[in-house]
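Visitor: Provided below: query.json, containing JSON, C-alpha atoms (C1' of nucleotides) and all ligand atoms.
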[["chain", "number", "residue", "atom", "x", "y", "z"],
["J", 1, "MET", "CA", -44.81, -17.81, 18.68],
["J", 2, "ASN", "CA", -47.70, -16.95, 16.43],
["J", 3, "PHE", "CA", -51.15, -18.29, 16.88],
["J", 4, "ILE", "CA", -52.22, -17.61, 13.29],
["J", 5, "SER", "CA", -50.20, -19.13, 10.45],
["J", 6, "ARG", "CA", -49.42, -17.46, 7.18],
["J", 7, "ASP", "CA", -51.91, -19.36, 5.07],
["J", 8, "THR", "CA", -54.74, -18.80, 7.54],
["J", 9, "ASP", "CA", -53.94, -15.10, 7.49],
["J", 10, "TYR", "CA", -53.76, -14.91, 3.70],
["J", 11, "ALA", "CA", -56.99, -16.86, 3.39],
["J", 12, "VAL", "CA", -58.80, -14.52, 5.74],
["J", 13, "ARG", "CA", -57.56, -11.48, 3.90],
["J", 14, "ALA", "CA", -58.56, -12.90, 0.51],
["J", 15, "LEU", "CA", -61.99, -13.78, 1.86],
["J", 16, "MET", "CA", -62.44, -10.34, 3.39],
["J", 17, "PHE", "CA", -61.62, -8.80, 0.03],
["J", 18, "MET", "CA", -64.04, -11.09, -1.78],
["J", 19, "ALA", "CA", -66.78, -10.32, 0.71],
["J", 20, "LYS", "CA", -66.66, -6.68, -0.29],
["J", 21, "GLY", "CA", -67.98, -7.53, -3.76],
["J", 22, "GLU", "CA", -71.54, -8.38, -4.69],
["J", 23, "LYS", "CA", -72.97, -11.61, -3.43],
["J", 24, "GLY", "CA", -71.90, -14.48, -5.69],
["J", 25, "GLU", "CA", -69.52, -12.34, -7.70],
["J", 26, "ILE", "CA", -66.77, -14.26, -9.45],
["J", 27, "ILE", "CA", -63.28, -12.96, -8.70],
["J", 28, "THR", "CA", -59.97, -14.12, -10.13],
["J", 29, "VAL", "CA", -56.82, -14.90, -8.23],
["J", 30, "ASP", "CA", -54.97, -12.20, -10.15],
["J", 31, "GLU", "CA", -57.43, -9.61, -8.98],
["J", 32, "ILE", "CA", -56.87, -10.54, -5.34],
["J", 33, "VAL", "CA", -53.12, -10.61, -5.85],
["J", 34, "ARG", "CA", -53.20, -7.13, -7.34],
["J", 35, "ARG", "CA", -55.27, -5.70, -4.54],
["J", 36, "GLU", "CA", -53.90, -7.54, -1.52],
["J", 37, "LYS", "CA", -50.29, -8.00, -2.67],
["J", 38, "LEU", "CA", -50.07, -11.66, -1.80],
["J", 39, "PRO", "CA", -47.70, -14.19, -3.47],
["J", 40, "GLU", "CA", -49.66, -15.47, -6.44],
["J", 41, "ARG", "CA", -48.88, -19.17, -6.61],
["J", 42, "PHE", "CA", -49.11, -19.58, -2.87],
["J", 43, "LEU", "CA", -52.47, -17.86, -2.83],
["J", 44, "ARG", "CA", -53.69, -20.08, -5.67],
["J", 45, "ARG", "CA", -53.11, -23.15, -3.54],
["J", 46, "ILE", "CA", -54.81, -21.52, -0.61],
["J", 47, "LEU", "CA", -57.91, -20.68, -2.62],
["J", 48, "GLN", "CA", -57.98, -24.18, -4.09],
["J", 49, "LYS", "CA", -58.00, -25.58, -0.59],
["J", 50, "LEU", "CA", -60.80, -23.23, 0.39],
["J", 51, "ALA", "CA", -62.77, -24.46, -2.64],
["J", 52, "LYS", "CA", -62.20, -28.08, -1.65],
["J", 53, "ASN", "CA", -63.52, -27.27, 1.78],
["J", 54, "ASP", "CA", -66.69, -25.63, 0.49],
["J", 55, "ILE", "CA", -65.78, -22.11, 1.50],
["J", 56, "LEU", "CA", -65.41, -21.06, -2.12],
["J", 57, "VAL", "CA", -66.90, -22.22, -5.40],
["J", 58, "SER", "CA", -64.44, -22.42, -8.27],
["J", 59, "TYR", "CA", -65.22, -21.76, -11.90],
["J", 60, "LYS", "CA", -62.71, -23.09, -14.37],
["J", 61, "GLY", "CA", -62.04, -21.84, -17.86],
["J", 62, "LYS", "CA", -62.39, -18.45, -19.38],
["J", 63, "ASP", "CA", -64.20, -15.91, -17.23],
["J", 64, "GLY", "CA", -63.66, -18.27, -14.33],
["J", 65, "GLY", "CA", -62.50, -17.53, -10.84],
["J", 66, "PHE", "CA", -63.81, -18.02, -7.35],
["J", 67, "SER", "CA", -66.89, -16.91, -5.50],
["J", 68, "LEU", "CA", -67.93, -17.27, -1.89],
["J", 69, "SER", "CA", -69.98, -20.41, -1.47],
["J", 70, "LYS", "CA", -72.09, -18.88, 1.27],
["J", 71, "ASP", "CA", -72.88, -15.66, 2.99],
["J", 72, "ALA", "CA", -69.80, -14.07, 4.55],
["J", 73, "ASP", "CA", -71.57, -14.06, 7.89],
["J", 74, "ARG", "CA", -71.63, -17.83, 7.84],
["J", 75, "ILE", "CA", -67.89, -18.27, 7.30],
["J", 76, "ARG", "CA", -66.26, -18.51, 10.71],
["J", 77, "ILE", "CA", -62.61, -17.89, 11.47],
["J", 78, "THR", "CA", -62.47, -21.25, 13.18],
["J", 79, "ASP", "CA", -63.44, -22.91, 9.90],
["J", 80, "ILE", "CA", -60.44, -21.33, 8.23],
["J", 81, "ILE", "CA", -58.07, -22.12, 11.08],
["J", 82, "ASN", "CA", -59.21, -25.73, 11.07],
["J", 83, "ILE", "CA", -58.59, -26.04, 7.34],
["J", 84, "PHE", "CA", -55.04, -24.70, 7.44],
["J", 85, "GLN", "CA", -53.79, -25.43, 10.93],
["J", 86, "GLY", "CA", -55.90, -28.39, 11.92],
["J", 87, "HIS", "CA", -57.73, -28.54, 15.21],
["J", 88, "VAL", "CA", -56.05, -26.22, 17.66],
["J", 89, "ASP", "CA", -55.16, -28.41, 20.56],
["J", 90, "PHE", "CA", -54.63, -26.58, 23.79],
["J", 91, "ALA", "CA", -54.30, -29.65, 25.88],
["J", 92, "LYS", "CA", -52.73, -32.74, 24.43],
["J", 93, "CYS", "CA", -50.36, -35.05, 26.21],
["J", 94, "LEU", "CA", -47.00, -34.55, 24.55],
["J", 95, "LEU", "CA", -45.40, -37.74, 25.82],
["J", 96, "LYS", "CA", -45.82, -39.65, 22.58],
["J", 97, "GLY", "CA", -44.10, -43.00, 22.48],
["J", 98, "ARG", "CA", -43.27, -43.28, 26.16],
["J", 99, "LYS", "CA", -45.98, -44.00, 28.64],
["J", 100, "CYS", "CA", -47.48, -40.89, 30.17],
["J", 101, "PRO", "CA", -47.30, -41.24, 33.94],
["J", 102, "ASN", "CA", -50.61, -39.48, 34.55],
["J", 103, "THR", "CA", -52.77, -39.26, 31.44],
["J", 104, "ASN", "CA", -56.24, -39.17, 32.89],
["J", 105, "SER", "CA", -55.65, -37.21, 36.05],
["J", 106, "CYS", "CA", -53.33, -34.48, 34.72],
["J", 107, "SER", "CA", -54.65, -31.24, 36.18],
["J", 108, "PHE", "CA", -52.51, -29.10, 33.88],
["J", 109, "ARG", "CA", -54.19, -30.55, 30.84],
["J", 110, "LYS", "CA", -57.61, -30.13, 32.41],
["J", 111, "LYS", "CA", -57.14, -26.41, 32.96],
["J", 112, "LEU", "CA", -55.76, -25.86, 29.49],
["J", 113, "LYS", "CA", -58.79, -27.62, 28.08],
["J", 114, "ASP", "CA", -61.12, -25.06, 29.64],
["J", 115, "ILE", "CA", -59.17, -22.18, 28.16],
["J", 116, "GLY", "CA", -59.07, -23.87, 24.76],
["J", 117, "ALA", "CA", -62.84, -24.31, 24.85],
["J", 118, "TYR", "CA", -63.29, -20.63, 25.53],
["J", 119, "VAL", "CA", -60.98, -19.59, 22.72],
["J", 120, "ASN", "CA", -62.71, -21.84, 20.22],
["J", 121, "LYS", "CA", -66.07, -20.49, 21.31],
["J", 122, "GLU", "CA", -64.99, -16.87, 20.93],
["J", 123, "LEU", "CA", -63.22, -17.44, 17.62],
["J", 124, "GLY", "CA", -66.33, -19.20, 16.38],
["J", 125, "LYS", "CA", -68.24, -15.96, 16.88],
["J", 126, "ILE", "CA", -65.97, -14.09, 14.47],
["J", 127, "THR", "CA", -67.09, -14.40, 10.87],
["J", 128, "ILE", "CA", -65.68, -12.97, 7.67],
["J", 129, "GLY", "CA", -68.79, -10.86, 7.42],
["J", 130, "SER", "CA", -68.24, -9.35, 10.83],
["J", 131, "LEU", "CA", -64.81, -8.03, 9.89],
["D", 1, "MET", "CA", -51.48, -27.65, 15.92],
["D", 2, "ASN", "CA", -50.41, -27.67, 19.52],
["D", 3, "PHE", "CA", -50.49, -24.67, 21.74],
["D", 4, "ILE", "CA", -47.99, -26.04, 24.25],
["D", 5, "SER", "CA", -44.54, -27.07, 23.02],
["D", 6, "ARG", "CA", -42.56, -30.03, 24.22],
["D", 7, "ASP", "CA", -40.10, -28.11, 26.34],
["D", 8, "THR", "CA", -42.82, -26.07, 28.04],
["D", 9, "ASP", "CA", -44.62, -29.29, 28.86],
["D", 10, "TYR", "CA", -41.49, -31.01, 30.18],
["D", 11, "ALA", "CA", -40.60, -27.94, 32.21],
["D", 12, "VAL", "CA", -44.04, -27.84, 33.81],
["D", 13, "ARG", "CA", -43.91, -31.51, 34.66],
["D", 14, "ALA", "CA", -40.44, -31.21, 36.17],
["D", 15, "LEU", "CA", -41.53, -28.21, 38.22],
["D", 16, "MET", "CA", -44.67, -29.97, 39.40],
["D", 17, "PHE", "CA", -42.53, -32.87, 40.56],
["D", 18, "MET", "CA", -40.10, -30.57, 42.34],
["D", 19, "ALA", "CA", -42.95, -28.72, 44.03],
["D", 20, "LYS", "CA", -43.99, -31.92, 45.75],
["D", 21, "GLY", "CA", -40.78, -31.93, 47.80],
["D", 22, "GLU", "CA", -39.99, -29.76, 50.81],
["D", 23, "LYS", "CA", -39.52, -26.07, 50.25],
["D", 24, "GLY", "CA", -35.99, -25.38, 49.00],
["D", 25, "GLU", "CA", -35.12, -29.04, 48.61],
["D", 26, "ILE", "CA", -32.29, -29.74, 46.18],
["D", 27, "ILE", "CA", -33.20, -32.27, 43.52],
["D", 28, "THR", "CA", -30.95, -33.72, 40.82],
["D", 29, "VAL", "CA", -31.78, -34.05, 37.16],
["D", 30, "ASP", "CA", -31.35, -37.81, 37.39],
["D", 31, "GLU", "CA", -34.00, -38.00, 40.06],
["D", 32, "ILE", "CA", -36.53, -36.18, 37.86],
["D", 33, "VAL", "CA", -35.61, -38.31, 34.88],
["D", 34, "ARG", "CA", -36.19, -41.48, 36.89],
["D", 35, "ARG", "CA", -39.55, -40.36, 38.18],
["D", 36, "GLU", "CA", -40.95, -38.52, 35.18],
["D", 37, "LYS", "CA", -39.32, -40.53, 32.39],
["D", 38, "LEU", "CA", -38.10, -37.55, 30.40],
["D", 39, "PRO", "CA", -35.08, -37.56, 28.03],
["D", 40, "GLU", "CA", -32.15, -36.74, 30.26],
["D", 41, "ARG", "CA", -29.97, -34.43, 28.18],
["D", 42, "PHE", "CA", -32.93, -32.54, 26.83],
["D", 43, "LEU", "CA", -34.27, -32.02, 30.33],
["D", 44, "ARG", "CA", -30.86, -30.81, 31.51],
["D", 45, "ARG", "CA", -30.99, -27.98, 29.00],
["D", 46, "ILE", "CA", -34.51, -27.16, 29.99],
["D", 47, "LEU", "CA", -33.61, -26.92, 33.68],
["D", 48, "GLN", "CA", -30.57, -24.81, 32.86],
["D", 49, "LYS", "CA", -32.80, -22.40, 31.03],
["D", 50, "LEU", "CA", -35.18, -22.30, 33.98],
["D", 51, "ALA", "CA", -32.23, -21.51, 36.23],
["D", 52, "LYS", "CA", -31.09, -18.70, 33.96],
["D", 53, "ASN", "CA", -34.58, -17.26, 34.12],
["D", 54, "ASP", "CA", -34.73, -17.35, 37.91],
["D", 55, "ILE", "CA", -37.30, -20.07, 38.18],
["D", 56, "LEU", "CA", -34.76, -22.48, 39.62],
["D", 57, "VAL", "CA", -31.56, -22.10, 41.60],
["D", 58, "SER", "CA", -28.72, -24.36, 40.49],
["D", 59, "TYR", "CA", -26.11, -25.88, 42.79],
["D", 60, "LYS", "CA", -23.00, -27.17, 41.07],
["D", 61, "GLY", "CA", -20.62, -29.81, 42.33],
["D", 62, "LYS", "CA", -21.18, -32.78, 44.55],
["D", 63, "ASP", "CA", -24.55, -32.89, 46.31],
["D", 64, "GLY", "CA", -25.68, -30.29, 43.80],
["D", 65, "GLY", "CA", -28.87, -30.10, 41.81],
["D", 66, "PHE", "CA", -31.72, -27.67, 41.41],
["D", 67, "SER", "CA", -34.25, -26.15, 43.76],
["D", 68, "LEU", "CA", -37.23, -23.91, 43.17],
["D", 69, "SER", "CA", -36.21, -20.29, 43.48],
["D", 70, "LYS", "CA", -39.58, -19.25, 44.85],
["D", 71, "ASP", "CA", -42.82, -20.59, 46.16],
["D", 72, "ALA", "CA", -44.59, -22.83, 43.64],
["D", 73, "ASP", "CA", -47.64, -20.60, 43.88],
["D", 74, "ARG", "CA", -45.64, -17.75, 42.46],
["D", 75, "ILE", "CA", -44.49, -19.61, 39.34],
["D", 76, "ARG", "CA", -47.05, -18.95, 36.64],
["D", 77, "ILE", "CA", -47.57, -21.05, 33.54],
["D", 78, "THR", "CA", -47.24, -17.93, 31.44],
["D", 79, "ASP", "CA", -43.72, -17.44, 32.81],
["D", 80, "ILE", "CA", -42.76, -20.88, 31.53],
["D", 81, "ILE", "CA", -44.47, -20.42, 28.18],
["D", 82, "ASN", "CA", -42.70, -17.11, 27.70],
["D", 83, "ILE", "CA", -39.32, -18.65, 28.43],
["D", 84, "PHE", "CA", -39.66, -21.50, 25.96],
["D", 85, "GLN", "CA", -42.06, -20.24, 23.33],
["D", 86, "GLY", "CA", -41.61, -16.51, 23.58],
["D", 87, "HIS", "CA", -44.52, -14.14, 23.85],
["D", 88, "VAL", "CA", -47.60, -15.83, 22.44],
["D", 89, "ASP", "CA", -48.78, -13.49, 19.76],
["D", 90, "PHE", "CA", -52.40, -13.89, 18.83],
["D", 91, "ALA", "CA", -52.50, -10.90, 16.57],
["D", 92, "LYS", "CA", -49.46, -9.98, 14.59],
["D", 93, "CYS", "CA", -49.41, -8.79, 11.00],
["D", 94, "LEU", "CA", -47.87, -11.59, 9.00],
["D", 95, "LEU", "CA", -47.05, -9.51, 5.93],
["D", 96, "LYS", "CA", -43.39, -9.11, 6.76],
["D", 97, "GLY", "CA", -41.33, -7.49, 4.02],
["D", 98, "ARG", "CA", -44.19, -6.33, 1.82],
["D", 99, "LYS", "CA", -46.27, -3.41, 2.88],
["D", 100, "CYS", "CA", -49.35, -4.34, 4.80],
["D", 101, "PRO", "CA", -52.33, -2.70, 3.15],
["D", 102, "ASN", "CA", -54.18, -2.06, 6.38],
["D", 103, "THR", "CA", -51.94, -2.32, 9.42],
["D", 104, "ASN", "CA", -53.61, 0.03, 11.84],
["D", 105, "SER", "CA", -57.23, -0.54, 10.97],
["D", 106, "CYS", "CA", -57.29, -4.32, 10.59],
["D", 107, "SER", "CA", -60.37, -5.50, 12.46],
["D", 108, "PHE", "CA", -59.31, -9.12, 12.34],
["D", 109, "ARG", "CA", -56.19, -8.35, 14.30],
["D", 110, "LYS", "CA", -58.15, -6.26, 16.76],
["D", 111, "LYS", "CA", -60.52, -9.09, 17.64],
["D", 112, "LEU", "CA", -57.70, -11.59, 17.98],
["D", 113, "LYS", "CA", -55.99, -9.23, 20.36],
["D", 114, "ASP", "CA", -58.93, -9.32, 22.75],
["D", 115, "ILE", "CA", -58.96, -13.10, 22.78],
["D", 116, "GLY", "CA", -55.20, -13.21, 23.31],
["D", 117, "ALA", "CA", -55.51, -10.86, 26.25],
["D", 118, "TYR", "CA", -58.08, -13.13, 27.83],
["D", 119, "VAL", "CA", -55.96, -16.24, 27.33],
["D", 120, "ASN", "CA", -52.90, -14.61, 28.83],
["D", 121, "LYS", "CA", -54.94, -13.44, 31.80],
["D", 122, "GLU", "CA", -56.39, -16.89, 32.44],
["D", 123, "LEU", "CA", -53.07, -18.67, 31.95],
["D", 124, "GLY", "CA", -51.50, -16.21, 34.34],
["D", 125, "LYS", "CA", -53.84, -17.45, 37.03],
["D", 126, "ILE", "CA", -52.49, -20.98, 36.77],
["D", 127, "THR", "CA", -49.44, -21.57, 38.90],
["D", 128, "ILE", "CA", -47.31, -24.62, 39.47],
["D", 129, "GLY", "CA", -48.58, -24.67, 43.01],
["D", 130, "SER", "CA", -52.19, -24.76, 41.89],
["D", 131, "LEU", "CA", -51.66, -27.94, 39.88],
["W", 1, "DA", "C1'", -58.97, -23.58, -32.12],
["W", 2, "DT", "C1'", -57.52, -20.22, -28.72],
["W", 3, "DA", "C1'", -57.14, -17.82, -24.64],
["W", 4, "DA", "C1'", -57.95, -17.44, -19.92],
["W", 5, "DA", "C1'", -58.96, -19.27, -16.04],
["W", 6, "DT", "C1'", -58.49, -23.17, -12.12],
["W", 7, "DG", "C1'", -56.74, -28.24, -10.50],
["W", 8, "DA", "C1'", -53.39, -31.39, -9.06],
["W", 9, "DT", "C1'", -49.15, -32.43, -7.62],
["W", 10, "DA", "C1'", -44.42, -32.36, -6.93],
["W", 11, "DC", "C1'", -40.56, -29.79, -5.64],
["W", 12, "DT", "C1'", -37.50, -26.62, -2.78],
["W", 13, "DA", "C1'", -36.00, -23.64, 0.81],
["W", 14, "DT", "C1'", -36.19, -22.04, 5.38],
["W", 15, "DA", "C1'", -37.39, -22.15, 10.17],
["W", 16, "DT", "C1'", -38.68, -24.43, 14.21],
["W", 17, "DT", "C1'", -38.69, -28.21, 17.25],
["W", 18, "DA", "C1'", -36.67, -32.00, 19.50],
["W", 19, "DG", "C1'", -32.97, -34.21, 20.91],
["W", 20, "DT", "C1'", -27.78, -35.61, 21.40],
["W", 21, "DA", "C1'", -22.83, -35.02, 22.33],
["W", 22, "DT", "C1'", -18.76, -32.89, 24.09],
["W", 23, "DT", "C1'", -16.02, -30.45, 27.04],
["W", 24, "DA", "C1'", -15.60, -27.26, 30.99],
["W", 25, "DT", "C1'", -16.59, -25.86, 35.63],
["W", 26, "DT", "C1'", -17.78, -26.28, 40.37],
["W", 27, "DA", "C1'", -17.87, -27.99, 45.16],
["W", 28, "DA", "C1'", -17.94, -31.71, 48.86],
["W", 29, "DG", "C1'", -15.27, -34.90, 51.27],
["W", 30, "DG", "C1'", -11.60, -37.95, 52.21],
["V", 1, "DC", "C1'", -5.07, -31.91, 46.54],
["V", 2, "DC", "C1'", -7.44, -35.49, 44.36],
["V", 3, "DT", "C1'", -11.62, -37.81, 43.22],
["V", 4, "DT", "C1'", -16.31, -37.87, 42.37],
["V", 5, "DA", "C1'", -20.70, -36.15, 41.43],
["V", 6, "DA", "C1'", -23.10, -32.72, 40.11],
["V", 7, "DT", "C1'", -24.36, -28.49, 36.68],
["V", 8, "DA", "C1'", -22.78, -24.98, 32.55],
["V", 9, "DA", "C1'", -21.97, -23.87, 28.02],
["V", 10, "DT", "C1'", -22.13, -24.73, 23.51],
["V", 11, "DA", "C1'", -22.19, -27.03, 19.31],
["V", 12, "DC", "C1'", -24.18, -30.43, 16.55],
["V", 13, "DT", "C1'", -27.87, -33.32, 14.26],
["V", 14, "DA", "C1'", -32.40, -35.11, 12.92],
["V", 15, "DA", "C1'", -37.09, -34.59, 12.13],
["V", 16, "DT", "C1'", -41.00, -31.87, 11.16],
["V", 17, "DA", "C1'", -43.61, -27.86, 9.85],
["V", 18, "DT", "C1'", -44.00, -23.70, 7.30],
["V", 19, "DA", "C1'", -43.67, -20.95, 3.24],
["V", 20, "DG", "C1'", -43.28, -20.62, -1.26],
["V", 21, "DT", "C1'", -42.37, -22.12, -6.39],
["V", 22, "DA", "C1'", -42.86, -24.75, -10.69],
["V", 23, "DT", "C1'", -44.97, -27.74, -13.99],
["V", 24, "DC", "C1'", -48.38, -29.68, -16.44],
["V", 25, "DA", "C1'", -53.33, -30.91, -16.93],
["V", 26, "DT", "C1'", -58.12, -29.56, -17.36],
["V", 27, "DT", "C1'", -61.94, -26.73, -18.26],
["V", 28, "DT", "C1'", -64.91, -23.29, -20.66],
["V", 29, "DA", "C1'", -66.36, -18.93, -23.25],
["V", 30, "DT", "C1'", -65.86, -17.04, -27.53],
["J", 201, "LIG", "S1", -48.76, -35.59, 31.19],
["J", 201, "LIG", "FE1", -49.61, -36.88, 29.77],
["J", 201, "LIG", "S2", -51.32, -35.93, 30.48],
["J", 201, "LIG", "FE2", -50.45, -34.57, 31.82],
["J", 202, "LIG", "S1", -53.17, -7.25, 7.61],
["J", 202, "LIG", "FE1", -51.40, -6.39, 8.33],
["J", 202, "LIG", "S2", -52.70, -5.90, 9.88],
["J", 202, "LIG", "FE2", -54.45, -6.87, 9.21]]
Turn this file's structure into C-alpha cells for me.
Ligand code: FES
Ligand code: FES
Guide:
Amino acid sequence: MNFISRDTDYAVRALMFMAKGEKGEIITVDEIVRREKLPERFLRRILQKLAKNDILVSYKGKDGGFSLSKDADRIRITDIINIFQGHVDFAKCLLKGRKCPNTNSCSFRKKLKDIGAYVNKELGKITIGSL
Amino acid sequence: MNFISRDTDYAVRALMFMAKGEKGEIITVDEIVRREKLPERFLRRILQKLAKNDILVSYKGKDGGFSLSKDADRIRITDIINIFQGHVDFAKCLLKGRKCPNTNSCSFRKKLKDIGAYVNKELGKITIGSL
DNA sequence: ATAAATGATACTATATTAGTATTATTAAGG
DNA sequence: CCTTAATAATACTAATATAGTATCATTTAT
C-alpha cells in the first residue's frame, strides 16, 4: 500500500525540476519529459491540473509552456497531495450505508485522527523549495 | 483517500467486540455479525485471515468459532494493517520499469520516510486492548 | 498563415477493493 | 455413525480507483 500516488509523485518531480530554473522561467512539457522521463500525455494532464489549481501558470501558443506561479518555498507537498489524492482521511467511519453502531464515541477513530493531524502538519512543512 | 481500508476496519471492530468477552471465550461469526452489523461472508474471510496470521484461533465443528489467540493488549493495529493492506509504504520510488533518475539521493523520499517511521511507531502503540 | 505550444475531454486498460457463492472439512452429541 | 453446526478453501463477480492514451480545440509569436 502506497501513501503517495503516481500523479502526486510525478507532479512533485516535475515541480522540483522546474524549481531549479530561474524564477518565473517558462518551461515546456517536452523539456520536462526529456529530463525526467515521464509519460508525456499523462504529465500534460498533471500539469494542466496544477495550472488549474494555481500552482503553475500556463502560457499557450508558440513559446508557451508553464512556470511556477509562486516561490517554490510556498508550494507545500500537502497542496499537491490534496489536488491529486483529495484530503487524506486517516479516520473516517467506513460503514457507509448501514448505521454505524458507535459513530461519535469510537476511540479507534479518535486515535487515528491525532496521528493524521500530525502527518498533515509535518507534510505541510515540506515545500518544493526545501527539496 | 482513506488510510484505513474496509477489511482492516471490520477486523478491528470484530476484534474489539471479541475483546469485551472473557479471555479465551469462543465466539461465532454469526454473533459478531448480529452485534456489529457487518456483511457475514465478507467477515468470515476476514476472520479466517486473522486466524491464519495467528491473531485468532479457530475451532471447527459444532460449538466452534473463534477466540483471540493472545491478550488484546498484545494485538497492535499495525499488525492488522499489515495483514490486510500490506506494509504501508510512505516512500517508495514509483518509477517502476523506467530508470529512476535519482533513486538514492531523492530528498523527497527521505523526508517521507521519516514521517512514515513516526506513523508506524505511533500506530504500533495502539492495541485492541487500549481501545 | 503557420508552427508550436497548452486546454478540454473522452476513452481504455489495469489493479485494487469489496463482496458473494460454492463446496469441503471438522467436531460434538445423540 | 449420523446429524448438525460450525469454520476452511477457493473461485467468482461487481464496483471503484489508478494509470495512461487519444483526439480535437484553442491560443499566440513570428
Ligand atoms: S465505527 Fe463508525 S465510527 Fe468507529
Ligand atoms: S524519484 Fe525514484 S527516488 Fe525520488
Visitor: Any idea which chain V residues end up within 10 Å of chain J if we count all atoms listed in the file, as an NGL selection string please?
Guide: :V and (18-22 or 26-30)
Visitor: Measuring between all atoms listed in the file, which one of J:Asn53, J:Ser69, J:Thr127, J:Ser58 shows the shortest distance to chain D?
Guide: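 Distance minimum relative to chain D lands on J:Thr127.
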Visitor: Counting all atoms listed in the file, which residues from chain W have an atom at most 8 Å from any atom of chain J, and could you show them as a list in words?
Guide: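 Here they are: DA3, DA4, DA5, DT6 and DG7 of chain W.
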Visitor: Give me, as a ChimeraX atom specification, the residues of chain J touching chain D, with the criterion being at most 8 Å (counting all atoms listed in the file).
Guide: /J:1-4,6,9,36-37,85-92,94,98,101,107-108,115,119,122-123,131
Visitor: CA of Gly124 (chain D) and CA of Asp73 (chain D), how far apart in Å?
Guide: 11.2 Å
Visitor: In Å, with one decimal, what is the gap from atom FE1 of ligand LIG 202 (chain J) to C1' of DA13 (chain W)?
Guide: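 Calculated distance between atom FE1 of ligand LIG 202 (chain J) and C1' of DA13 (chain W) is 24.3 Å.
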Visitor: State, in Å with one decimal place, the distance from CA of Ile55 (chain J) to C1' of DC24 (chain V).
Guide: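 C1' of DC24 (chain V) lies at a distance of 26.1 Å from CA of Ile55 (chain J).
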Visitor: What's around region 20-23 of chain W at 9 Å? Count all atoms listed in the file, leave out sequence neighbours fewer than 6 positions away in its own chain, and write the answer as an MDAnalysis selection string.
Guide: (chainID D and resid 41:42) or (chainID V and resid 9:13)
Visitor: Neighbouring residues of DA15 (chain V) were defined as those with any atom within 10 Å, considering all atoms listed in the file; residues of the same chain fewer than 4 positions away were excluded. Please report them as an MDAnalysis selection string.
Guide: chainID W and resid 17:19
Visitor: Nearest residue to ligand LIG 202 (chain J) out of J:Ile83, J:Ala11, J:Thr78, J:Ala51, using all atoms listed in the file?
Guide: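 Using all atoms listed in the file, ligand LIG 202 (chain J) sits closest to J:Ala11.
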